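**Q** One file is attached below, my_file.txt, containing compact mmCIF, C-alpha atoms.
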```
# COMPACT_ATOMS: atom_id res chain seq x y z
CA MET A 461 5.91 91.22 -50.53
CA ALA A 462 5.92 91.27 -54.32
CA ALA A 463 9.07 91.95 -56.24
CA LEU A 464 9.08 95.08 -58.38
CA LEU A 465 10.03 94.74 -62.04
CA PRO A 466 12.68 97.11 -63.40
CA SER A 467 11.45 99.86 -65.77
CA TRP A 468 13.27 98.34 -68.75
CA ALA A 469 11.16 95.19 -68.35
CA TRP A 470 7.94 97.24 -68.48
CA VAL A 471 9.09 99.16 -71.55
CA SER A 472 10.19 95.95 -73.28
CA GLY A 473 6.88 94.23 -72.47
CA LEU A 474 4.80 97.16 -73.75
CA THR A 475 6.90 97.38 -76.95
CA VAL A 476 6.39 93.65 -77.65
CA ALA A 477 2.64 93.96 -77.00
CA ALA A 478 2.31 97.01 -79.30
CA THR A 479 4.31 95.31 -82.07
CA ALA A 480 2.13 92.20 -81.80
CA ALA A 481 -1.04 94.33 -82.05
CA VAL A 482 0.22 96.15 -85.16
CA VAL A 483 1.17 92.84 -86.82
CA ALA A 484 -2.23 91.34 -86.00
CA LEU A 485 -4.05 94.35 -87.47
CA ALA A 486 -1.88 94.26 -90.61
CA VAL A 487 -2.61 90.57 -91.16
CA GLN A 488 -6.31 91.20 -90.65
CA ALA A 489 -6.29 94.12 -93.10
CA ASP A 490 -4.42 92.05 -95.70
CA HIS A 491 -7.25 89.49 -95.70
CA GLY A 492 -10.07 92.07 -95.91
CA PRO A 493 -11.92 93.29 -99.01
CA ARG A 494 -10.00 95.44 -101.49
CA PRO A 495 -11.39 98.23 -103.65
CA ALA A 496 -11.40 97.41 -107.34
CA ALA A 497 -10.57 99.94 -110.04
CA PRO A 498 -13.35 100.39 -112.60
CA ALA A 499 -12.81 98.79 -115.99
CA ALA A 500 -11.34 101.12 -118.57
CA HIS A 501 -14.35 100.60 -120.82
CA ALA A 502 -17.00 100.94 -118.12
CA ARG A 503 -19.68 103.54 -118.80
CA PRO A 504 -22.06 105.10 -116.31
CA THR A 505 -25.57 103.68 -116.43
CA ALA A 506 -28.62 105.77 -117.22
CA SER A 507 -29.63 105.70 -113.55
CA ALA A 508 -26.27 107.00 -112.38
CA SER A 509 -26.08 110.71 -111.78
CA PRO A 510 -22.71 111.96 -112.98
CA THR A 511 -20.52 113.86 -110.61
CA PRO A 512 -18.37 116.72 -111.91
CA SER A 513 -15.31 114.46 -111.93
CA ALA A 514 -17.21 111.84 -113.98
CA LEU A 515 -18.17 114.28 -116.74
CA PRO A 516 -16.13 114.12 -119.94
CA THR A 517 -13.32 116.62 -120.18
CA PRO A 518 -12.03 118.19 -123.37
CA SER A 519 -9.24 116.15 -124.87
CA GLY A 520 -7.14 119.08 -125.95
CA PRO A 521 -7.37 122.08 -128.26
CA PRO A 522 -10.06 122.31 -130.94
CA ALA A 523 -9.44 120.20 -134.03
CA LEU A 524 -8.17 121.74 -137.22
CA PRO A 525 -11.19 122.68 -139.37
CA GLU A 526 -12.00 120.34 -142.23
CA ALA A 527 -11.45 121.64 -145.76
CA SER A 528 -8.78 124.07 -144.59
CA GLY A 529 -6.31 122.96 -147.22
CA VAL A 530 -3.27 120.72 -147.20
CA GLY A 531 0.39 121.10 -146.36
CA ARG A 532 2.13 123.82 -144.41
CA ARG A 533 -0.20 126.75 -143.77
CA ILE A 534 -1.81 129.17 -141.33
CA VAL A 535 -5.52 128.48 -140.78
CA TYR A 536 -7.77 131.24 -139.47
CA SER A 537 -11.37 130.57 -138.41
CA VAL A 538 -13.43 133.76 -138.54
CA GLN A 539 -16.24 132.37 -136.35
CA ALA A 540 -14.04 130.58 -133.80
CA HIS A 541 -11.55 133.49 -133.54
CA ARG A 542 -8.79 130.89 -133.65
CA VAL A 543 -5.56 130.29 -135.60
CA TRP A 544 -3.75 127.01 -136.26
CA LEU A 545 -0.15 126.79 -137.44
CA VAL A 546 -0.03 123.65 -139.58
CA ASP A 547 3.24 121.90 -140.45
CA ALA A 548 4.09 120.20 -143.76
CA THR A 549 2.61 116.89 -142.58
CA GLY A 550 -0.79 118.54 -142.07
CA GLU A 551 -0.59 118.41 -138.26
CA SER A 552 -1.30 121.49 -136.16
CA SER A 553 1.86 122.47 -134.30
CA ARG A 554 0.17 125.30 -132.39
CA THR A 555 -3.30 126.79 -132.02
CA PHE A 556 -4.49 129.88 -130.18
CA THR A 557 -7.35 132.36 -129.91
CA VAL A 558 -7.25 135.82 -131.45
CA TRP A 559 -9.12 139.14 -131.37
CA PRO A 560 -10.46 139.91 -134.84
CA GLY A 561 -10.62 143.38 -136.34
CA THR A 562 -13.91 144.90 -137.46
CA VAL A 563 -13.36 143.88 -141.09
CA ASN A 564 -13.14 140.13 -141.71
CA PRO A 565 -11.44 138.46 -144.64
CA GLN A 566 -13.61 136.32 -146.89
CA PRO A 567 -13.13 132.55 -146.60
CA GLY A 568 -10.53 131.46 -149.11
CA ARG A 569 -6.88 130.77 -149.78
CA TYR A 570 -4.30 133.54 -149.49
CA SER A 571 -0.58 133.90 -148.83
CA ILE A 572 1.48 136.30 -146.78
CA ALA A 573 2.23 139.18 -149.14
CA LYS A 574 4.00 141.59 -146.79
CA ARG A 575 5.71 141.49 -143.41
CA THR A 576 6.40 144.50 -141.22
CA GLU A 577 8.44 144.27 -138.03
CA ALA A 578 6.60 147.08 -136.19
CA THR A 579 4.23 149.98 -136.82
CA THR A 580 1.19 151.77 -135.40
CA GLY A 581 -2.02 149.82 -136.00
CA SER A 582 -5.16 151.37 -137.47
CA ASP A 583 -6.48 151.47 -133.87
CA GLY A 584 -3.54 153.66 -132.77
CA VAL A 585 -1.77 150.86 -130.84
CA GLN A 586 1.93 150.08 -131.35
CA VAL A 587 2.02 146.61 -132.97
CA GLU A 588 4.72 144.21 -134.09
CA HIS A 589 5.08 141.03 -136.14
CA ILE A 590 2.59 142.17 -138.78
CA THR A 591 1.91 139.66 -141.55
CA TYR A 592 -0.49 140.99 -144.21
CA PHE A 593 -2.32 138.48 -146.39
CA THR A 594 -5.29 140.23 -148.07
CA VAL A 595 -7.38 143.39 -148.42
CA ALA A 596 -11.12 143.52 -147.67
CA SER A 597 -13.31 146.60 -148.14
CA GLY A 598 -10.16 148.64 -148.73
CA VAL A 599 -8.66 147.57 -145.37
CA ASN A 600 -5.41 145.61 -145.08
CA ILE A 601 -5.96 142.32 -143.25
CA GLY A 602 -3.14 140.73 -141.28
CA PHE A 603 -2.01 139.22 -138.02
CA SER A 604 -0.15 141.26 -135.38
CA ASN A 605 0.36 141.60 -131.65
CA ALA A 606 0.50 144.69 -129.46
CA VAL A 607 4.04 145.56 -128.41
CA ASP A 608 2.86 145.87 -124.79
CA GLY A 609 0.93 142.58 -125.00
CA SER A 610 -2.48 144.20 -124.49
CA SER A 611 -5.73 143.24 -126.16
CA PRO A 612 -7.10 145.70 -128.69
CA PRO A 613 -9.31 148.53 -127.46
CA PRO A 614 -12.85 148.84 -128.87
CA ALA A 615 -12.76 150.09 -132.44
CA ASN A 616 -15.25 152.94 -131.84
CA GLY A 617 -16.64 152.62 -135.36
CA ALA A 618 -13.25 152.49 -137.09
CA GLN A 619 -12.57 149.84 -139.71
CA THR A 620 -9.69 147.68 -138.49
CA GLY A 621 -8.21 144.69 -140.28
CA GLY A 622 -5.68 143.64 -137.70
CA ILE A 623 -6.25 140.18 -136.26
CA ARG A 624 -4.61 140.71 -132.90
CA LEU A 625 -2.69 137.90 -131.20
CA HIS A 626 -1.28 137.40 -127.71
CA LYS A 627 2.37 138.47 -127.66
CA GLU A 628 3.86 134.94 -127.54
CA ASP A 629 1.49 133.75 -130.29
CA GLY A 630 2.45 136.75 -132.41
CA ALA A 631 6.12 135.80 -132.12
CA ALA A 632 5.30 132.18 -133.05
CA LEU A 633 3.27 133.20 -136.11
CA TRP A 634 6.00 135.64 -137.17
CA SER A 635 8.59 132.85 -137.03
CA PHE A 636 6.26 130.44 -138.86
CA GLY A 637 4.89 132.78 -141.55
CA ASP A 638 7.47 133.88 -144.09
CA LEU A 639 6.55 135.70 -147.30
CA GLY A 640 4.48 133.36 -149.42
CA THR A 641 3.29 131.17 -146.54
CA ARG A 642 -0.26 130.04 -147.30
CA VAL A 643 -3.13 131.38 -145.20
CA SER A 644 -6.43 129.51 -145.26
CA VAL A 645 -9.45 131.46 -144.00
CA VAL A 646 -12.51 129.41 -143.03
CA GLU A 647 -15.85 130.32 -141.51
```
Rewrite the coordinates I just gave you, this time as structure tokens.
**A**
Amino acid sequence: MAALLPSWAWVSGLTVAATAAVVALAVQADHGPRPAAPAAHARPTASASPTPSALPTPSGPPALPEASGVGRRIVYSVQAHRVWLVDATGESSRTFTVWPGTVNPQPGRYSIAKRTEATTGSDGVQVEHITYFTVASGVNIGFSNAVDGSSPPPANGAQTGGIRLHKEDGAALWSFGDLGTRVSVVE
């Protein structure tokens, strides 16, 4: 008659066997092939079909337009519907998109001539942080944001000169643009 082993002996034996198997697999994996990271300067070949993750991604906000002046200024691109707040070193500290009015300022150099905390815009919307910098076709042109943060409604044929900003951008431009601050308008 065979002697029966106690249960602790079985458990101990199975634990040792499992540990040995895990160690053996780890050693085997350590000696196997390893994936290599691509070189930082590697480029896809013409025969490679790019995957969405391999396509170039934008490296940040659009660059400040050339010939927009020097020094501390507000730059407004009529075509891009974009504003840059430029510090004294010539670096853009903030950029954002805007909704233009129906009357555009001509490209050129201006300065903030008047600031108004709040009023009703020519489109009937309550606006704040208004910074006027020129007049075009008899219409005052300036930056502002709607008090309620909304985008401007369609002009319905009215001539509007307000360049409407998002609420947080309006507050930033208001803080940046004191009387006399230069405004550079580019195409």
**Q** Grab the atom CA of Val646 of chain A to atom CA of Phe556 of chain A distance for me, in Å with one decimal place.
**A**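 Taking atom CA of Val646 of chain A as the start and atom CA of Phe556 of chain A as the end point, the length is 15.2 Å.
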**Q** Tell me which of A:Glu526, A:Glu551, A:Asp583, A:Glu588 sits closest to Leu633 of chain A, counting all atoms listed in the file.
**A**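 Of A:Glu526, A:Glu551, A:Asp583, A:Glu588, the one nearest Leu633 of chain A is A:Glu588, counting all atoms listed in the file.
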**Q** I'd like the contact shell of Asp547 of chain A - 10 Å cut-off, only C-alpha atoms, skipping same-chain residues fewer than 5 positions apart - returned as a list in words.
**A**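 Close residues of Asp547 of chain A: Val530, Gly531, Arg532, Arg533, Ile534, Ser552, Ser553, Arg554 and Phe636 of chain A.
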**Q** Compare A:Glu647, A:Lys627, A:Ser610, A:Ser571 by their minimum atom-to-atom distance to Gln539 of chain A, counting all atoms listed in the file, and give me the closest one.
**A**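 Counting all atoms listed in the file, the residue closest to Gln539 of chain A is A:Glu647.
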**Q** So which one's closest to Tyr570 of chain A, A:Ile601, A:Ala527, A:Ala606, A:Ala632? Using only C-alpha atoms, please.
**A** A:Ile601
**Q** Please determine an axis-aligned box that encloses all atoms of segment 602-618 of chain A listed in the file, with 6 Å added on each side, and express its centre and edge lengths in Å to one decimal as JSON.
**A**
```
{"center_x": -6.3, "center_y": 146.1, "center_z": -132.9, "size_x": 32.7, "size_y": 25.7, "size_z": 28.8}
```
**Q** Report the distance between atom CA of Trp544 of chain A and atom CA of His589 of chain A in Å, rounded to one decimal place.
**A**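 These two atoms are separated by 16.6 Å.
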**Q** Of the candidates A:Val585, A:Val563, A:Val543, A:Ala578, which shows the shortest atom-to-atom distance to Val643 of chain A, using all atoms listed in the file?
**A**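 Looking only at the distances to Val643 of chain A, the closest residue turns out to be A:Val543.
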**Q** Would you compute the distance between atom CA of His541 of chain A and atom CA of Pro522 of chain A? Give it in Å to one decimal.
**A**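 Separation of atom CA of His541 of chain A and atom CA of Pro522 of chain A: 11.6 Å.
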**Q** Go through A:Gly617, A:Gly568, A:Gly520, A:Gly609 one by one, measure the shortest atom-to-atom distance of each to Asp629 of chain A using all atoms listed in the file, and give the residue with the smallest value.
**A** A:Gly609
**Q** My list of candidates is A:Ile623, A:Ala618, A:Ala540, A:Val558. Which is closest to Val587 of chain A when distances are computed with only C-alpha atoms?
**A**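 Smallest distance to Val587 of chain A is found for A:Ile623.
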**Q** Counting all atoms listed in the file, I want the residues whose atoms come within 8 Å of (2.9, 143.2, -148.8) in the file frame, returned as a count of residues only.
**A** 6
**Q** Tell me which residues come within 6 Å of (2.1, 140.1, -136.7), as a PyMOL selection string, counting only C-alpha atoms in the file's coordinates.
**A** chain A and resi 588-591+603-605+630+634
**Q** I'd like the neighbourhood of Pro560 of chain A as a list in words, where a residue qualifies if any of its atoms comes within 8 Å (using all atoms listed in the file), though same-chain residues fewer than 4 positions away should be ignored.
**A** Val538, His541, Asn564, Gly621, Gly622, Ile623 and Arg624 of chain A
